[in-house]
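Visitor: Let me give you the structure first, and then I'll get to my questions.
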Amino acid sequence: MTDDLEGGCACGAVRYRLASAPIVVHCCHCRFCQRMSGSAFGLNALIESDRLALVGETEPEPIMTPSTHPRGQVWRRCPRCRVAVWSEHAELGPSVPIINVGTLDRPERLLPDVHCWTASKHPWILLPEGVPAFAGDYDTDVVGSEDAKARIADALA
């Protein structure tokens, strides 16, 4: 699976590779993700920073952005084309970057493990059967495997 987990910005200056499958992929329907993605939801993959390798010529620029979290969120954008390739949530910091799945060369490789903030999803979006969905934030005890929980704990240690 990891052979196909490369991605980057629109102009190609920022390129990255994921060294493993993500910890979790969540489809977030909150209004903030809708606004930041310019779409109906954000599709995000959490991965440890040591499993995210820059392989392009340019490093993404950190941009502090207001968010629903009081401390905001850092978005990493290409300094040329300004596409956001990943972000850093205030509670996870740079240890667990949140990849914008749409920036992968083959985004279809990462299906959502969970849908969250469905209380604010657009009514025309139909959620797939068999994928956990939460009206608000998702419960990592319900969604996360033991391996996922250990990976998060190790990354934040």
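Chain identifiers are assigned as A, B, and so on, following the order in which chains appear in the structure tokens; residues are numbered from 1 within each chain, and ligands are numbered from 1 in order of appearance.
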Within 10 Å of Cys11 of chain A, counting only C-alpha atoms, which residues show up once you throw out same-chain ones fewer than 2 positions away? Write them as a ChimeraX atom specification, please.

Guide: /A:8-9,13-15,78,80-83

Visitor: Could you list, as a list in words, every residue within 8 Å of Asp105 of chain A, counting only C-alpha atoms and ignoring same-chain residues fewer than 5 positions away?

Guide: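 Close residues of Asp105 of chain A: Asp4, Leu5, Glu6, Gly7 and Gly8 of chain A.
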
Visitor: Considering only C-alpha atoms, can you say which of A:Phe32, A:Ile125, A:Gly42, A:Val131 comes closest to Asp113 of chain A?

Guide: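 Of the candidates, the smallest distance to Asp113 of chain A is held by A:Val131.
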
Visitor: Between A:Pro132, A:Gly72, A:Pro22, A:Gly12, which residue has the minimum interatomic distance to Pro97 of chain A, considering only C-alpha atoms?

Guide: A:Pro22

Visitor: For Val142 of chain A, please output as a list of chain:residue names all residues within 12 Å (counting only C-alpha atoms; exclusion window: fewer than 3 positions along the same chain).

Guide: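 Everything that qualifies: A:Asp113, A:Val114, A:Val131, A:Pro132, A:Ala133, A:Phe134, A:Asp137, A:Tyr138, A:Asp139, A:Ser145, A:Glu146, A:Ala148, A:Lys149.
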
Visitor: Need the shell around Pro70 of chain A: protein/DNA/RNA residues with any atom at most 12 Å away, counting only C-alpha atoms. Skip same-chain ones fewer than 3 positions apart. Format as a ChimeraX atom specification?

Guide: /A:65-67,73,89-91

Visitor: Residues as selected, C-alpha atoms, written as a PDB file, in the first residue's frame, can you do that?

Guide:
ATOM      1  CA  THR A  65      -4.802  29.917  10.828  1.00  0.00           C
ATOM      2  CA  PRO A  66      -7.766  30.569  13.114  1.00  0.00           C
ATOM      3  CA  SER A  67      -9.836  27.468  13.728  1.00  0.00           C
ATOM      4  CA  GLN A  73      -4.180  25.403  13.520  1.00  0.00           C
ATOM      5  CA  HIS A  89      -3.793  20.493  14.999  1.00  0.00           C
ATOM      6  CA  ALA A  90      -3.195  22.348  18.257  1.00  0.00           C
ATOM      7  CA  GLU A  91      -3.675  19.172  20.316  1.00  0.00           C
TER       8      GLU A  91
END

Visitor: I need the residue nearest Thr118 of chain A from this list: A:Ala135, A:Leu104, A:Ile63, A:Ala157. Use only C-alpha atoms for the distance.

Guide: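 Closest to Thr118 of chain A of all the choices is A:Ala135.
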
Visitor: So which residues of segment 1-154 of chain A fall under strand (DSSP E) by DSSP, listed as number ranges by chain?

Guide: A: 6-8, 15-18, 24-28, 42-46, 52-54, 61-65, 73-77, 84-89, 98-100, 114-116

Visitor: Which of these residues is nearest to Trp86 of chain A, using only C-alpha atoms: A:Glu59, A:Glu129, A:Asp147, A:Asp141?

Guide: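 That would be A:Glu59, the residue with the smallest distance to Trp86 of chain A.
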
Visitor: Please determine, counting only C-alpha atoms, which residue among A:Ser39, A:Thr140, A:Thr68, A:Asn44 has the shortest atom-to-atom distance to Val85 of chain A.

Guide: A:Asn44

Visitor: Choose the residue, out of A:Ser87, A:Gly102, A:Leu43, A:Met36, that has the smallest atom-to-atom separation from Pro60 of chain A; count only C-alpha atoms.

Guide: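 The shortest atom-to-atom distance to Pro60 of chain A comes from A:Ser87.
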
Visitor: List every residue of chain A that DSSP, applied to the backbone, labels as alpha helix (DSSP H), and write the result as a list in words.

Guide: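 Listing alpha helix (DSSP H) positions across chain A yields Arg31, Phe32, Cys33, Gln34, Arg35, Met36, Ser37, Thr140, Asp141, Val142, Val143, Glu146, Asp147, Ala148, Lys149, Ala150, Arg151, Ile152, Ala153, Asp154, Ala155 and Leu156 of chain A.
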